[in-house]
Amino acid sequence: MGIQRIESVTYGVDDLGTCVRFFDDFGLFLVEKTGEHAVFETLTGQTLHLDALPGSLLPPPVEDGPTLREVVWGVDTNTELERLVTAAGRDREIRESADGVHHTVDETGFGVGLSLARPKPAPLTPRPANALGSVDRWNAPLEAITRVHPLRMCHVALNIPKEGREQAFAFYTERLGFRPTDVVEPMGVFMQAPGDEDQHTMLLCHRPDRAGINHIAYEVPGFDDVIEGGNHMIDKGWREARRLGRHTIGSNVFRFLHAPCGGRVEYAADMDRVDESYGTRVHETTPPHHIWALRTNRDHQDAPAS
C-alpha cells in the first residue's frame, strides 16, 4: 500500500530545555535526553526529535529560527519502501542512516525521510457520553482528565512559496503516493497518505514568498482532551495560538498552541475519515476556516460599532 503515517519529526531548536518542558506539558513521553538532543514519543510509537545541533543528514532550515527540519514517513512493507525510495531519488540524493531511514529533501527544502512503520497499539476506551435515548454512563460522575496524552501525530501542515507550488504538490502525489482530498485553489492542497483514513495526513499551504512550518496536529481521544489539554498548557504559561473551534475541512475540533520549536501544535479530535469514494474536492474560493469557534460576550463588546 505504501505510506501509513508520520513516523517521526525532527526540529532544530535554540533552547532545548524550554522545548523539552513544552512537550512534557503537552503530554508526550520523554524517552531520551542529552545536552544537545531529546526524543519524545506518542502513545502509538511515533517520535519527536529536538536537536540543538542538527546532524549532517538534515537539510539546511527553510526559515530562520527554530523550525521543522524533517518529516519521516512510515511505510508498511520493505517492498513498498524500496519502491518509494527509488521514486523519490530519481533526481535527488538519498542517504540511508544506520537506523534504516532513507533521507532526502522535497521541492521546498524540507527534509523527507522514509522508513518502515513501527506502530504500537494504543488501547482506547472512549469517554462514555449520555444523551436522551443513548445512555453510556450510569452512576459515574466524570472527573477531570488532569493529563492529556496524544495518541498520535495525525497530520503535518507546511507553508510553501506560491511560486513552484505545482511541483511541490507533485513530489508528494506522483512520487510518494499521497492523494489530494481537498484542493483549495487560493490556499493549498490537503492530502491523504495511502494507508491513512484521515481526511488529510498533510497540508501544503502556499504563501506569497516564504516557506516554514505551519503546524503539526496530534490526535487526542475526544473533545474533553482538546479543551482540558489546552487549559493545562495555558496554566503552565504557554500561549494559545487559535481559539477552540471545529474546522470546516476535516471537521476536527481543534486547539492550537505556539511552540518554542517553531510553528504551532494542535490538539485535534474527531477528524473526518474518508475512503476513495470521497474523491478530490476542488474549491475555487477558500472555505471558512471553521464551522464554529468559541465566542464570548467580549467578542461583541469589542466589535466596532456599525
# chains A, B, ... in the order shown; residues from 1 in each chain; ligands from 1
$ select_by_dssp --residues "region 140-240 of chain A" --states "strand (DSSP E)" --output "JSON, numbers by chain"
{"A": [152, 153, 154, 155, 156, 157, 158, 159, 160, 161, 179, 180, 181, 182, 183, 184, 188, 189, 190, 191, 192, 202, 203, 204, 205, 206, 207, 212, 213, 214, 215, 216, 217, 218, 219, 240]}
$ residues_around --residues "Asn159 (chain A)" --least-positions-apart "6" --cutoff "6 Å" --atoms "only C-alpha atoms" --output "CSV table (one decimal) with C-alpha atoms, in the first residue's frame"
chain,number,residue,atom,x,y,z
A,205,CYS,CA,-0.3,25.7,2.3
A,206,HIS,CA,1.2,28.1,-0.2
A,211,ALA,CA,8.3,28.6,3.5
A,212,GLY,CA,8.2,27.3,7.0
A,213,ILE,CA,6.5,25.0,9.5
A,214,ASN,CA,2.8,25.8,9.9
$ residues_around --residues "Gly2 (chain A)" --least-positions-apart "2" --cutoff "9 Å" --atoms "only C-alpha atoms" --output "MDAnalysis selection string"
chainID A and resid 4 74:77 80:81 83:84 176:177 193:195
$ write_last_selection --atoms "N, CA and C atoms" --output "mmCIF file, in the first residue's frame"
data_model
loop_
_atom_site.group_PDB
_atom_site.id
_atom_site.type_symbol
_atom_site.label_atom_id
_atom_site.label_comp_id
_atom_site.auth_asym_id
_atom_site.auth_seq_id
_atom_site.Cartn_x
_atom_site.Cartn_y
_atom_site.Cartn_z
ATOM 1 N N GLN A 4 1.979 4.840 5.588
ATOM 2 C CA GLN A 4 0.900 4.623 6.548
ATOM 3 C C GLN A 4 0.668 5.814 7.466
ATOM 4 N N GLY A 74 6.323 6.634 7.616
ATOM 5 C CA GLY A 74 6.381 5.209 7.867
ATOM 6 C C GLY A 74 5.664 4.416 6.782
ATOM 7 N N VAL A 75 6.333 3.419 6.229
ATOM 8 C CA VAL A 75 5.845 2.619 5.103
ATOM 9 C C VAL A 75 5.553 1.202 5.596
ATOM 10 N N ASP A 76 4.569 0.544 4.965
ATOM 11 C CA ASP A 76 4.089 -0.732 5.508
ATOM 12 C C ASP A 76 4.998 -1.922 5.234
ATOM 13 N N THR A 77 5.680 -1.993 4.087
ATOM 14 C CA THR A 77 6.493 -3.172 3.759
ATOM 15 C C THR A 77 7.839 -2.757 3.187
ATOM 16 N N GLU A 80 7.469 -1.929 -0.561
ATOM 17 C CA GLU A 80 6.962 -0.576 -0.799
ATOM 18 C C GLU A 80 8.011 0.473 -0.451
ATOM 19 N N LEU A 81 8.764 0.231 0.598
ATOM 20 C CA LEU A 81 9.823 1.173 0.980
ATOM 21 C C LEU A 81 10.844 1.294 -0.140
ATOM 22 N N ARG A 83 10.405 0.696 -3.291
ATOM 23 C CA ARG A 83 9.785 1.362 -4.444
ATOM 24 C C ARG A 83 9.735 2.877 -4.245
ATOM 25 N N LEU A 84 9.360 3.317 -3.056
ATOM 26 C CA LEU A 84 9.243 4.753 -2.797
ATOM 27 C C LEU A 84 10.602 5.429 -2.752
ATOM 28 N N LEU A 176 5.350 9.863 -3.947
ATOM 29 C CA LEU A 176 5.122 9.220 -2.654
ATOM 30 C C LEU A 176 3.709 8.679 -2.491
ATOM 31 N N GLY A 177 2.829 8.935 -3.463
ATOM 32 C CA GLY A 177 1.525 8.293 -3.459
ATOM 33 C C GLY A 177 0.439 8.967 -2.661
ATOM 34 N N ALA A 193 -2.399 10.176 3.009
ATOM 35 C CA ALA A 193 -1.454 9.093 2.754
ATOM 36 C C ALA A 193 -2.212 7.822 2.385
ATOM 37 N N PRO A 194 -1.614 6.952 1.564
ATOM 38 C CA PRO A 194 -2.331 5.760 1.097
ATOM 39 C C PRO A 194 -2.854 4.861 2.207
ATOM 40 N N GLY A 195 -2.121 4.759 3.317
ATOM 41 C CA GLY A 195 -2.539 3.865 4.392
ATOM 42 C C GLY A 195 -3.259 4.545 5.521
#
$ residues_around --residues "Leu294 (chain A)" --least-positions-apart "3" --cutoff "9 Å" --atoms "only C-alpha atoms" --output "list in words"
Arg243, Leu244 and Gly245 of chain A
$ closest_atom_pairs --of "region 73-132 of chain A" --to "region 172-175 of chain A" --cutoff "10 Å" --atoms "only C-alpha atoms" --output "tab-separated table"
residue	atom	partner	partner_atom	distance
A:Arg83	CA	A:Arg175	CA	9.5
A:Leu84	CA	A:Arg175	CA	6.9
A:Val85	CA	A:Arg175	CA	9.0
A:Thr86	CA	A:Arg175	CA	9.0
A:Ala87	CA	A:Arg175	CA	5.4
A:Ala88	CA	A:Arg175	CA	5.7
A:Gly89	CA	A:Arg175	CA	9.2
A:Arg90	CA	A:Arg175	CA	9.3
A:Asp106	CA	A:Tyr172	CA	8.3
A:Glu107	CA	A:Tyr172	CA	9.5
$ residues_around --residues "Thr285 (chain A)" --least-positions-apart "6" --cutoff "7 Å" --atoms "only C-alpha atoms" --output "PyMOL selection string"
chain A and resi 184-186
$ residues_around --residues "Glu63 (chain A)" --least-positions-apart "6" --cutoff "12 Å" --atoms "only C-alpha atoms" --output "JSON list (two decimals) with N, CA, C and O atoms, in the first residue's frame"
[["chain", "number", "residue", "atom", "x", "y", "z"],
["A", 11, "TYR", "N", 13.00, 18.69, 14.76],
["A", 11, "TYR", "CA", 13.12, 20.14, 14.79],
["A", 11, "TYR", "C", 14.56, 20.50, 15.14],
["A", 11, "TYR", "O", 15.20, 19.85, 15.98],
["A", 12, "GLY", "N", 15.06, 21.57, 14.54],
["A", 12, "GLY", "CA", 16.26, 22.22, 15.02],
["A", 12, "GLY", "C", 15.85, 23.32, 15.98],
["A", 12, "GLY", "O", 15.01, 24.16, 15.63],
["A", 69, "ARG", "N", 12.79, 20.42, 10.58],
["A", 69, "ARG", "CA", 13.85, 20.09, 9.63],
["A", 69, "ARG", "C", 13.54, 18.85, 8.80],
["A", 69, "ARG", "O", 14.03, 18.73, 7.68],
["A", 108, "THR", "N", 10.67, 22.03, -1.71],
["A", 108, "THR", "CA", 10.78, 23.28, -0.95],
["A", 108, "THR", "C", 12.06, 23.32, -0.14],
["A", 108, "THR", "O", 12.53, 24.41, 0.21],
["A", 109, "GLY", "N", 12.61, 22.17, 0.17],
["A", 109, "GLY", "CA", 13.80, 22.10, 1.00],
["A", 109, "GLY", "C", 13.59, 21.44, 2.34],
["A", 109, "GLY", "O", 14.54, 21.32, 3.14],
["A", 110, "PHE", "N", 12.37, 21.03, 2.65],
["A", 110, "PHE", "CA", 12.11, 20.29, 3.88],
["A", 110, "PHE", "C", 12.72, 18.89, 3.76],
["A", 110, "PHE", "O", 12.65, 18.24, 2.70],
["A", 158, "LEU", "N", 2.63, 22.32, 6.18],
["A", 158, "LEU", "CA", 3.83, 23.07, 5.83],
["A", 158, "LEU", "C", 3.47, 24.26, 4.97],
["A", 158, "LEU", "O", 2.62, 24.16, 4.07],
["A", 159, "ASN", "N", 4.11, 25.40, 5.23],
["A", 159, "ASN", "CA", 3.98, 26.56, 4.36],
["A", 159, "ASN", "C", 5.03, 26.46, 3.25],
["A", 159, "ASN", "O", 6.21, 26.19, 3.51],
["A", 160, "ILE", "N", 4.59, 26.67, 2.01],
["A", 160, "ILE", "CA", 5.50, 26.62, 0.87],
["A", 160, "ILE", "C", 5.31, 27.89, 0.04],
["A", 160, "ILE", "O", 4.23, 28.49, 0.07],
["A", 161, "PRO", "N", 6.32, 28.33, -0.70],
["A", 161, "PRO", "CA", 6.14, 29.51, -1.56],
["A", 161, "PRO", "C", 5.10, 29.23, -2.65],
["A", 161, "PRO", "O", 4.98, 28.10, -3.15],
["A", 209, "ASP", "N", 5.60, 34.21, -0.61],
["A", 209, "ASP", "CA", 7.04, 34.20, -0.85],
["A", 209, "ASP", "C", 7.85, 33.49, 0.23],
["A", 209, "ASP", "O", 9.04, 33.72, 0.36],
["A", 210, "ARG", "N", 7.23, 32.64, 1.03],
["A", 210, "ARG", "CA", 8.01, 32.08, 2.14],
["A", 210, "ARG", "C", 7.62, 30.64, 2.44],
["A", 210, "ARG", "O", 6.52, 30.20, 2.12],
["A", 211, "ALA", "N", 8.57, 29.95, 3.06],
["A", 211, "ALA", "CA", 8.35, 28.57, 3.49],
["A", 211, "ALA", "C", 8.58, 28.49, 4.99],
["A", 211, "ALA", "O", 9.27, 29.31, 5.57],
["A", 212, "GLY", "N", 7.99, 27.48, 5.60],
["A", 212, "GLY", "CA", 8.19, 27.28, 7.04],
["A", 212, "GLY", "C", 7.19, 26.28, 7.58],
["A", 212, "GLY", "O", 6.26, 25.86, 6.90],
["A", 213, "ILE", "N", 7.38, 25.94, 8.83],
["A", 213, "ILE", "CA", 6.45, 25.03, 9.49],
["A", 213, "ILE", "C", 5.17, 25.80, 9.83],
["A", 213, "ILE", "O", 5.23, 26.91, 10.37],
["A", 214, "ASN", "N", 4.04, 25.23, 9.51],
["A", 214, "ASN", "CA", 2.76, 25.79, 9.94],
["A", 214, "ASN", "C", 2.35, 25.14, 11.26],
["A", 214, "ASN", "O", 2.36, 25.78, 12.29],
["A", 262, "GLY", "N", 9.19, 26.17, 16.95],
["A", 262, "GLY", "CA", 8.79, 26.73, 15.66],
["A", 262, "GLY", "C", 7.37, 26.33, 15.31],
["A", 262, "GLY", "O", 6.95, 25.20, 15.56],
["A", 263, "GLY", "N", 6.63, 27.26, 14.72],
["A", 263, "GLY", "CA", 5.27, 26.97, 14.31],
["A", 263, "GLY", "C", 4.34, 26.75, 15.49],
["A", 263, "GLY", "O", 4.52, 27.30, 16.58]]
$ select_by_dssp --residues "region 109-290 of chain A" --states "alpha helix (DSSP H)" --output "PDB file with all heavy atoms, in the first residue's frame"
ATOM      1  N   ARG A 165       4.492  25.888  -6.608  1.00  0.00           N
ATOM      2  CA  ARG A 165       3.642  25.033  -5.777  1.00  0.00           C
ATOM      3  C   ARG A 165       3.206  23.758  -6.497  1.00  0.00           C
ATOM      4  O   ARG A 165       3.063  22.714  -5.862  1.00  0.00           O
ATOM      5  CB  ARG A 165       2.422  25.810  -5.282  1.00  0.00           C
ATOM      6  CG  ARG A 165       1.483  26.313  -6.367  1.00  0.00           C
ATOM      7  CD  ARG A 165       0.467  27.277  -5.763  1.00  0.00           C
ATOM      8  NE  ARG A 165      -0.498  27.774  -6.731  1.00  0.00           N
ATOM      9  CZ  ARG A 165      -0.282  28.786  -7.559  1.00  0.00           C
ATOM     10  NH1 ARG A 165       0.911  29.399  -7.536  1.00  0.00           N
ATOM     11  NH2 ARG A 165      -1.208  29.198  -8.404  1.00  0.00           N
ATOM     12  N   GLU A 166       3.015  23.825  -7.816  1.00  0.00           N
ATOM     13  CA  GLU A 166       2.588  22.611  -8.539  1.00  0.00           C
ATOM     14  C   GLU A 166       3.645  21.517  -8.433  1.00  0.00           C
ATOM     15  O   GLU A 166       3.328  20.350  -8.232  1.00  0.00           O
ATOM     16  CB  GLU A 166       2.312  22.929 -10.011  1.00  0.00           C
ATOM     17  CG  GLU A 166       1.096  23.808 -10.252  1.00  0.00           C
ATOM     18  CD  GLU A 166       1.411  25.288 -10.161  1.00  0.00           C
ATOM     19  OE1 GLU A 166       2.601  25.628  -9.907  1.00  0.00           O
ATOM     20  OE2 GLU A 166       0.490  26.104 -10.325  1.00  0.00           O
ATOM     21  N   GLN A 167       4.913  21.896  -8.555  1.00  0.00           N
ATOM     22  CA  GLN A 167       5.985  20.915  -8.435  1.00  0.00           C
ATOM     23  C   GLN A 167       6.080  20.389  -6.998  1.00  0.00           C
ATOM     24  O   GLN A 167       6.371  19.203  -6.778  1.00  0.00           O
ATOM     25  CB  GLN A 167       7.323  21.527  -8.849  1.00  0.00           C
ATOM     26  CG  GLN A 167       7.426  21.853 -10.334  1.00  0.00           C
ATOM     27  CD  GLN A 167       6.855  23.238 -10.671  1.00  0.00           C
ATOM     28  OE1 GLN A 167       6.254  23.895  -9.820  1.00  0.00           O
ATOM     29  NE2 GLN A 167       7.062  23.660 -11.911  1.00  0.00           N
ATOM     30  N   ALA A 168       5.829  21.267  -6.041  1.00  0.00           N
ATOM     31  CA  ALA A 168       5.876  20.852  -4.634  1.00  0.00           C
ATOM     32  C   ALA A 168       4.802  19.809  -4.338  1.00  0.00           C
ATOM     33  O   ALA A 168       5.049  18.802  -3.667  1.00  0.00           O
ATOM     34  CB  ALA A 168       5.709  22.072  -3.725  1.00  0.00           C
ATOM     35  N   PHE A 169       3.571  20.055  -4.839  1.00  0.00           N
ATOM     36  CA  PHE A 169       2.496  19.083  -4.640  1.00  0.00           C
ATOM     37  C   PHE A 169       2.821  17.777  -5.356  1.00  0.00           C
ATOM     38  O   PHE A 169       2.589  16.681  -4.827  1.00  0.00           O
ATOM     39  CB  PHE A 169       1.160  19.626  -5.172  1.00  0.00           C
ATOM     40  CG  PHE A 169       0.721  20.937  -4.590  1.00  0.00           C
ATOM     41  CD1 PHE A 169      -0.002  21.840  -5.358  1.00  0.00           C
ATOM     42  CD2 PHE A 169       1.018  21.277  -3.284  1.00  0.00           C
ATOM     43  CE1 PHE A 169      -0.412  23.052  -4.839  1.00  0.00           C
ATOM     44  CE2 PHE A 169       0.617  22.490  -2.743  1.00  0.00           C
ATOM     45  CZ  PHE A 169      -0.112  23.389  -3.524  1.00  0.00           C
ATOM     46  N   ALA A 170       3.352  17.884  -6.588  1.00  0.00           N
ATOM     47  CA  ALA A 170       3.585  16.701  -7.417  1.00  0.00           C
ATOM     48  C   ALA A 170       4.601  15.755  -6.788  1.00  0.00           C
ATOM     49  O   ALA A 170       4.510  14.530  -6.967  1.00  0.00           O
ATOM     50  CB  ALA A 170       4.046  17.122  -8.814  1.00  0.00           C
ATOM     51  N   PHE A 223     -13.286  15.487  22.732  1.00  0.00           N
ATOM     52  CA  PHE A 223     -13.414  16.924  22.936  1.00  0.00           C
ATOM     53  C   PHE A 223     -12.846  17.355  24.286  1.00  0.00           C
ATOM     54  O   PHE A 223     -12.202  18.399  24.398  1.00  0.00           O
ATOM     55  CB  PHE A 223     -14.881  17.351  22.887  1.00  0.00           C
ATOM     56  CG  PHE A 223     -15.576  17.063  21.583  1.00  0.00           C
ATOM     57  CD1 PHE A 223     -16.933  17.323  21.447  1.00  0.00           C
ATOM     58  CD2 PHE A 223     -14.905  16.544  20.490  1.00  0.00           C
ATOM     59  CE1 PHE A 223     -17.587  17.058  20.254  1.00  0.00           C
ATOM     60  CE2 PHE A 223     -15.544  16.282  19.299  1.00  0.00           C
ATOM     61  CZ  PHE A 223     -16.892  16.535  19.187  1.00  0.00           C
ATOM     62  N   ASP A 224     -13.114  16.575  25.337  1.00  0.00           N
ATOM     63  CA  ASP A 224     -12.625  16.947  26.662  1.00  0.00           C
ATOM     64  C   ASP A 224     -11.114  17.071  26.666  1.00  0.00           C
ATOM     65  O   ASP A 224     -10.555  17.964  27.311  1.00  0.00           O
ATOM     66  CB  ASP A 224     -13.069  15.914  27.694  1.00  0.00           C
ATOM     67  CG  ASP A 224     -14.573  15.896  27.912  1.00  0.00           C
ATOM     68  OD1 ASP A 224     -15.112  16.932  28.331  1.00  0.00           O
ATOM     69  OD2 ASP A 224     -15.204  14.864  27.649  1.00  0.00           O
ATOM     70  N   ASP A 225     -10.435  16.168  25.948  1.00  0.00           N
ATOM     71  CA  ASP A 225      -8.977  16.210  25.897  1.00  0.00           C
ATOM     72  C   ASP A 225      -8.487  17.472  25.194  1.00  0.00           C
ATOM     73  O   ASP A 225      -7.482  18.073  25.601  1.00  0.00           O
ATOM     74  CB  ASP A 225      -8.447  14.979  25.164  1.00  0.00           C
ATOM     75  CG  ASP A 225      -8.914  13.674  25.783  1.00  0.00           C
ATOM     76  OD1 ASP A 225     -10.051  13.264  25.466  1.00  0.00           O
ATOM     77  OD2 ASP A 225      -8.167  13.089  26.564  1.00  0.00           O
ATOM     78  N   VAL A 226      -9.167  17.882  24.129  1.00  0.00           N
ATOM     79  CA  VAL A 226      -8.805  19.111  23.433  1.00  0.00           C
ATOM     80  C   VAL A 226      -8.926  20.304  24.386  1.00  0.00           C
ATOM     81  O   VAL A 226      -8.014  21.138  24.482  1.00  0.00           O
ATOM     82  CB  VAL A 226      -9.697  19.323  22.194  1.00  0.00           C
ATOM     83  CG1 VAL A 226      -9.434  20.699  21.565  1.00  0.00           C
ATOM     84  CG2 VAL A 226      -9.452  18.225  21.162  1.00  0.00           C
ATOM     85  N   ILE A 227     -10.036  20.372  25.097  1.00  0.00           N
ATOM     86  CA  ILE A 227     -10.289  21.516  25.978  1.00  0.00           C
ATOM     87  C   ILE A 227      -9.375  21.480  27.200  1.00  0.00           C
ATOM     88  O   ILE A 227      -8.694  22.462  27.520  1.00  0.00           O
ATOM     89  CB  ILE A 227     -11.769  21.530  26.395  1.00  0.00           C
ATOM     90  CG1 ILE A 227     -12.654  21.782  25.173  1.00  0.00           C
ATOM     91  CG2 ILE A 227     -12.019  22.603  27.462  1.00  0.00           C
ATOM     92  CD1 ILE A 227     -14.123  21.510  25.398  1.00  0.00           C
ATOM     93  N   GLU A 228      -9.328  20.332  27.877  1.00  0.00           N
ATOM     94  CA  GLU A 228      -8.539  20.248  29.101  1.00  0.00           C
ATOM     95  C   GLU A 228      -7.043  20.300  28.808  1.00  0.00           C
ATOM     96  O   GLU A 228      -6.265  20.859  29.589  1.00  0.00           O
ATOM     97  CB  GLU A 228      -8.891  18.976  29.870  1.00  0.00           C
ATOM     98  CG  GLU A 228     -10.319  18.995  30.416  1.00  0.00           C
ATOM     99  CD  GLU A 228     -10.602  17.810  31.328  1.00  0.00           C
ATOM    100  OE1 GLU A 228      -9.828  17.604  32.291  1.00  0.00           O
ATOM    101  OE2 GLU A 228     -11.597  17.097  31.083  1.00  0.00           O
ATOM    102  N   GLY A 229      -6.628  19.716  27.668  1.00  0.00           N
ATOM    103  CA  GLY A 229      -5.223  19.809  27.303  1.00  0.00           C
ATOM    104  C   GLY A 229      -4.791  21.241  27.063  1.00  0.00           C
ATOM    105  O   GLY A 229      -3.739  21.679  27.526  1.00  0.00           O
ATOM    106  N   GLY A 230      -5.617  21.996  26.340  1.00  0.00           N
ATOM    107  CA  GLY A 230      -5.310  23.404  26.106  1.00  0.00           C
ATOM    108  C   GLY A 230      -5.300  24.211  27.385  1.00  0.00           C
ATOM    109  O   GLY A 230      -4.428  25.072  27.595  1.00  0.00           O
ATOM    110  N   ASN A 231      -6.261  23.944  28.273  1.00  0.00           N
ATOM    111  CA  ASN A 231      -6.303  24.653  29.555  1.00  0.00           C
ATOM    112  C   ASN A 231      -5.044  24.376  30.376  1.00  0.00           C
ATOM    113  O   ASN A 231      -4.482  25.280  31.014  1.00  0.00           O
ATOM    114  CB  ASN A 231      -7.533  24.229  30.349  1.00  0.00           C
ATOM    115  CG  ASN A 231      -8.829  24.779  29.769  1.00  0.00           C
ATOM    116  OD1 ASN A 231      -8.805  25.639  28.884  1.00  0.00           O
ATOM    117  ND2 ASN A 231      -9.939  24.274  30.241  1.00  0.00           N
ATOM    118  N   HIS A 232      -4.615  23.106  30.373  1.00  0.00           N
ATOM    119  CA  HIS A 232      -3.405  22.741  31.114  1.00  0.00           C
ATOM    120  C   HIS A 232      -2.195  23.497  30.575  1.00  0.00           C
ATOM    121  O   HIS A 232      -1.364  24.003  31.358  1.00  0.00           O
ATOM    122  CB  HIS A 232      -3.182  21.230  31.005  1.00  0.00           C
ATOM    123  CG  HIS A 232      -1.904  20.754  31.620  1.00  0.00           C
ATOM    124  ND1 HIS A 232      -1.722  20.633  32.981  1.00  0.00           N
ATOM    125  CD2 HIS A 232      -0.716  20.368  31.050  1.00  0.00           C
ATOM    126  CE1 HIS A 232      -0.501  20.201  33.233  1.00  0.00           C
ATOM    127  NE2 HIS A 232       0.131  20.033  32.080  1.00  0.00           N
ATOM    128  N   MET A 233      -2.084  23.604  29.242  1.00  0.00           N
ATOM    129  CA  MET A 233      -0.951  24.306  28.661  1.00  0.00           C
ATOM    130  C   MET A 233      -0.965  25.784  29.030  1.00  0.00           C
ATOM    131  O   MET A 233       0.084  26.375  29.326  1.00  0.00           O
ATOM    132  CB  MET A 233      -0.952  24.135  27.141  1.00  0.00           C
ATOM    133  CG  MET A 233      -0.690  22.712  26.676  1.00  0.00           C
ATOM    134  SD  MET A 233       0.963  22.105  27.113  1.00  0.00           S
ATOM    135  CE  MET A 233       1.973  22.933  25.870  1.00  0.00           C
ATOM    136  N   ILE A 234      -2.134  26.394  29.034  1.00  0.00           N
ATOM    137  CA  ILE A 234      -2.237  27.803  29.425  1.00  0.00           C
ATOM    138  C   ILE A 234      -1.865  27.970  30.905  1.00  0.00           C
ATOM    139  O   ILE A 234      -1.150  28.907  31.285  1.00  0.00           O
ATOM    140  CB  ILE A 234      -3.644  28.336  29.132  1.00  0.00           C
ATOM    141  CG1 ILE A 234      -3.836  28.450  27.616  1.00  0.00           C
ATOM    142  CG2 ILE A 234      -3.890  29.689  29.807  1.00  0.00           C
ATOM    143  CD1 ILE A 234      -5.247  28.728  27.183  1.00  0.00           C
ATOM    144  N   ASP A 235      -2.319  27.035  31.744  1.00  0.00           N
ATOM    145  CA  ASP A 235      -1.967  27.083  33.169  1.00  0.00           C
ATOM    146  C   ASP A 235      -0.455  26.984  33.368  1.00  0.00           C
ATOM    147  O   ASP A 235       0.091  27.532  34.335  1.00  0.00           O
ATOM    148  CB  ASP A 235      -2.646  25.943  33.922  1.00  0.00           C
ATOM    149  CG  ASP A 235      -4.150  26.132  34.072  1.00  0.00           C
ATOM    150  OD1 ASP A 235      -4.630  27.270  33.877  1.00  0.00           O
ATOM    151  OD2 ASP A 235      -4.850  25.137  34.375  1.00  0.00           O
TER     152      ASP A 235
END
$ closest_residue --among "A:Gly164, A:Ala38, A:Thr181, A:Pro221" --to "Pro126 (chain A)" --atoms "only C-alpha atoms"
A:Pro221
$ residues_around --residues "Trp73 (chain A)" --least-positions-apart "3" --cutoff "10 Å" --atoms "only C-alpha atoms" --output "list in words"
Gly2, Ile3, Gln4, Arg5, Ile6, Glu7, Ser8, Val9, Glu70, Leu81, Val101, His102, Val112, Gly113, Leu114, Ser115, Leu116, Ala117, Leu176 and Ala193 of chain A
$ atom_distance --atom1 "CA of Val148 (chain A)" --atom2 "CA of Val135 (chain A)"
24.6 Å
$ atom_distance --atom1 "CA of Ala268 (chain A)" --atom2 "CA of Pro128 (chain A)"
18.5 Å
